[in-house]
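Below is the file protein.csv, which contains CSV, N, CA and C atoms.
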```csv
chain,number,residue,atom,x,y,z
T,1,MET,N,122.1,119.5,133.1
T,1,MET,CA,121.8,120.0,131.8
T,1,MET,C,120.8,119.0,131.1
T,2,PRO,N,119.6,119.4,130.8
T,2,PRO,CA,118.7,118.5,130.2
T,2,PRO,C,119.1,118.2,128.7
T,3,SER,N,118.9,117.0,128.3
T,3,SER,CA,119.3,116.7,126.9
T,3,SER,C,118.2,117.2,125.9
T,4,LYS,N,118.7,117.4,124.7
T,4,LYS,CA,117.8,117.9,123.7
T,4,LYS,C,116.9,116.8,123.2
T,5,LYS,N,115.7,117.1,122.8
T,5,LYS,CA,114.9,116.1,122.1
T,5,LYS,C,115.3,116.1,120.7
T,6,LEU,N,115.0,115.0,120.0
T,6,LEU,CA,115.4,114.9,118.6
T,6,LEU,C,114.8,115.9,117.7
T,7,GLU,N,113.5,116.3,118.0
T,7,GLU,CA,112.8,117.3,117.2
T,7,GLU,C,113.4,118.7,117.4
T,8,GLN,N,114.2,118.9,118.4
T,8,GLN,CA,114.8,120.2,118.6
T,8,GLN,C,116.1,120.5,117.8
T,9,TYR,N,116.6,119.5,117.2
T,9,TYR,CA,117.8,119.7,116.4
T,9,TYR,C,117.5,120.4,115.1
T,10,LYS,N,118.5,121.2,114.6
T,10,LYS,CA,118.3,122.1,113.5
T,10,LYS,C,117.9,121.4,112.2
T,11,TYR,N,118.5,120.3,112.0
T,11,TYR,CA,118.3,119.6,110.7
T,11,TYR,C,117.3,118.4,110.8
T,12,PHE,N,116.6,118.3,111.9
T,12,PHE,CA,115.7,117.2,112.0
T,12,PHE,C,114.6,117.2,111.0
T,13,GLN,N,113.9,118.4,110.8
T,13,GLN,CA,112.8,118.5,109.9
T,13,GLN,C,113.2,118.2,108.5
T,14,PRO,N,114.2,118.8,107.9
T,14,PRO,CA,114.6,118.5,106.5
T,14,PRO,C,114.9,117.0,106.3
T,15,ILE,N,115.6,116.4,107.3
T,15,ILE,CA,115.9,115.0,107.2
T,15,ILE,C,114.7,114.2,107.2
T,16,ALA,N,113.8,114.5,108.2
T,16,ALA,CA,112.6,113.7,108.3
T,16,ALA,C,111.7,113.8,107.1
T,17,TRP,N,111.6,115.0,106.5
T,17,TRP,CA,110.8,115.1,105.3
T,17,TRP,C,111.4,114.4,104.1
T,18,THR,N,112.7,114.5,104.0
T,18,THR,CA,113.4,113.8,102.9
T,18,THR,C,113.2,112.3,103.0
T,19,LEU,N,113.3,111.7,104.2
T,19,LEU,CA,113.1,110.3,104.4
T,19,LEU,C,111.7,109.9,104.1
T,20,CYS,N,110.7,110.7,104.5
T,20,CYS,CA,109.3,110.5,104.3
T,20,CYS,C,109.0,110.5,102.8
T,21,LEU,N,109.5,111.5,102.1
T,21,LEU,CA,109.2,111.6,100.7
T,21,LEU,C,109.9,110.5,99.9
T,22,SER,N,111.1,110.2,100.3
T,22,SER,CA,111.9,109.1,99.6
T,22,SER,C,111.2,107.8,99.8
T,23,PHE,N,110.7,107.5,101.0
T,23,PHE,CA,109.9,106.3,101.2
T,23,PHE,C,108.7,106.2,100.3
T,24,ALA,N,108.0,107.4,100.2
T,24,ALA,CA,106.7,107.4,99.4
T,24,ALA,C,107.1,107.2,98.0
T,25,GLY,N,108.2,107.8,97.5
T,25,GLY,CA,108.6,107.5,96.1
T,25,GLY,C,109.0,106.1,95.9
T,26,PHE,N,109.7,105.5,96.8
T,26,PHE,CA,110.0,104.1,96.7
T,26,PHE,C,108.8,103.2,96.6
T,27,VAL,N,107.8,103.4,97.5
T,27,VAL,CA,106.6,102.6,97.5
T,27,VAL,C,105.8,102.8,96.2
T,28,GLY,N,105.8,104.1,95.7
T,28,GLY,CA,105.2,104.4,94.4
T,28,GLY,C,105.8,103.7,93.3
T,29,MET,N,107.2,103.6,93.2
T,29,MET,CA,107.9,102.9,92.2
T,29,MET,C,107.6,101.4,92.2
T,30,LEU,N,107.5,100.8,93.4
T,30,LEU,CA,107.2,99.4,93.6
T,30,LEU,C,105.8,99.2,93.0
T,31,ALA,N,104.9,100.0,93.3
T,31,ALA,CA,103.5,99.9,92.8
T,31,ALA,C,103.5,99.9,91.3
T,32,LEU,N,104.2,100.8,90.7
T,32,LEU,CA,104.2,100.9,89.2
T,32,LEU,C,104.9,99.7,88.6
T,33,GLN,N,105.9,99.2,89.2
T,33,GLN,CA,106.6,98.0,88.7
T,33,GLN,C,105.6,96.8,88.8
T,34,LEU,N,104.9,96.7,89.9
T,34,LEU,CA,104.0,95.6,90.1
T,34,LEU,C,102.9,95.7,89.1
T,35,GLU,N,102.4,96.9,88.8
T,35,GLU,CA,101.3,97.0,87.8
T,35,GLU,C,101.8,96.6,86.4
T,36,THR,N,103.1,97.0,86.1
T,36,THR,CA,103.7,96.6,84.8
T,36,THR,C,103.8,95.1,84.7
T,37,GLN,N,104.2,94.5,85.7
T,37,GLN,CA,104.4,93.0,85.7
T,37,GLN,C,103.0,92.3,85.6
T,38,VAL,N,102.0,92.8,86.3
T,38,VAL,CA,100.7,92.2,86.1
T,38,VAL,C,100.2,92.4,84.7
T,39,GLN,N,100.4,93.5,84.1
T,39,GLN,CA,100.0,93.7,82.7
T,39,GLN,C,100.7,92.7,81.8
T,40,LYS,N,102.0,92.5,82.0
T,40,LYS,CA,102.7,91.6,81.2
T,40,LYS,C,102.2,90.2,81.3
T,41,PHE,N,101.8,89.8,82.6
T,41,PHE,CA,101.3,88.4,82.8
T,41,PHE,C,99.9,88.3,82.1
T,42,ASN,N,99.1,89.3,82.2
T,42,ASN,CA,97.8,89.3,81.5
T,42,ASN,C,97.9,89.2,80.0
T,43,THR,N,98.9,89.7,79.4
T,43,THR,CA,99.0,89.7,78.0
T,43,THR,C,99.9,88.5,77.5
T,44,SER,N,100.4,87.7,78.4
T,44,SER,CA,101.3,86.6,78.0
T,44,SER,C,100.5,85.5,77.3
T,45,ALA,N,101.2,84.9,76.3
T,45,ALA,CA,100.6,83.8,75.6
T,45,ALA,C,100.6,82.5,76.3
T,46,ILE,N,101.5,82.4,77.3
T,46,ILE,CA,101.7,81.2,78.1
T,46,ILE,C,100.7,81.2,79.2
T,47,SER,N,100.0,80.0,79.4
T,47,SER,CA,99.0,79.9,80.5
T,47,SER,C,99.7,79.9,81.8
T,48,PHE,N,98.8,80.2,82.8
T,48,PHE,CA,99.3,80.3,84.2
T,48,PHE,C,99.8,78.9,84.6
T,49,GLU,N,99.2,77.9,84.3
T,49,GLU,CA,99.6,76.5,84.7
T,49,GLU,C,100.9,76.2,84.1
T,50,GLN,N,101.2,76.6,82.8
T,50,GLN,CA,102.4,76.3,82.2
T,50,GLN,C,103.6,77.1,82.9
T,51,ARG,N,103.3,78.3,83.2
T,51,ARG,CA,104.3,79.1,83.9
T,51,ARG,C,104.6,78.5,85.3
T,52,LEU,N,103.6,78.1,86.0
T,52,LEU,CA,103.8,77.5,87.3
T,52,LEU,C,104.6,76.2,87.2
T,53,THR,N,104.3,75.4,86.2
T,53,THR,CA,105.1,74.2,85.9
T,53,THR,C,106.5,74.5,85.6
T,54,ASN,N,106.8,75.5,84.8
T,54,ASN,CA,108.2,75.9,84.5
T,54,ASN,C,108.9,76.3,85.7
T,55,ILE,N,108.3,77.1,86.5
T,55,ILE,CA,109.0,77.6,87.8
T,55,ILE,C,109.3,76.4,88.7
T,56,GLU,N,108.3,75.5,88.8
T,56,GLU,CA,108.5,74.3,89.7
T,56,GLU,C,109.7,73.4,89.2
T,57,GLU,N,109.8,73.3,87.9
T,57,GLU,CA,110.9,72.5,87.3
T,57,GLU,C,112.2,73.2,87.5
T,58,ILE,N,112.2,74.5,87.4
T,58,ILE,CA,113.5,75.3,87.6
T,58,ILE,C,114.0,75.1,89.0
T,59,VAL,N,113.1,75.3,90.0
T,59,VAL,CA,113.5,75.2,91.4
T,59,VAL,C,113.6,73.8,91.9
T,60,GLY,N,113.2,72.8,91.1
T,60,GLY,CA,113.3,71.4,91.5
T,60,GLY,C,112.2,71.0,92.5
T,61,ALA,N,111.0,71.7,92.5
T,61,ALA,CA,110.0,71.3,93.4
T,61,ALA,C,109.2,70.1,93.0
T,62,VAL,N,109.2,69.8,91.7
T,62,VAL,CA,108.5,68.7,91.1
T,62,VAL,C,109.5,67.9,90.2
T,63,PRO,N,109.6,66.6,90.4
T,63,PRO,CA,110.6,65.9,89.5
T,63,PRO,C,110.1,66.0,88.0
T,64,GLN,N,111.1,66.1,87.2
T,64,GLN,CA,110.8,66.3,85.7
T,64,GLN,C,110.3,65.0,85.2
T,65,SER,N,109.3,65.0,84.3
T,65,SER,CA,108.7,63.8,83.7
T,65,SER,C,109.8,63.2,82.7
T,66,GLU,N,109.8,61.9,82.7
T,66,GLU,CA,110.8,61.2,81.8
T,66,GLU,C,110.2,60.9,80.5
```

Go through the file and emit its structure as structure tokens.
Amino acid sequence: MPSKKLEQYKYFQPIAWTLCLSFAGFVGMLALQLETQVQKFNTSAISFEQRLTNIEEIVGAVPQSE
């Protein structure tokens, strides 16, 4: 008895389309969130260098000045 291929199952197409559209929506939401964050960074009053210094101090990458 030959085994069925995955595409021959009754619910394969609806599941495949659901997964495909869900992934597209997920990627779209990530892109929108990224755009929002970039806009926030562009309108921030703090300079890039100061933000980088703050992050380095938080993670301990650079010793804090005394």

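If you look at atom N of T:Ser47 and atom CA of T:Leu34, they are 19.3 Å away from each other.
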
Gap from atom N of T:Val38 to atom CA of T:Leu52 - Å, one decimal: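 Spanning atom N of T:Val38 to atom CA of T:Leu52 is a straight-line distance of 15.4 Å.
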
Would you return as an MDAnalysis selection string the members of chain T that DSSP assigns to helix (DSSP H, G or I) on this structure's backbone? chainID T and resid 6:8 12:42 48:59

Enter the distance from atom CA of T:Thr53 to atom C of T:Phe41, in Å, rounded to one decimal.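 These two atoms are separated by 15.5 Å.
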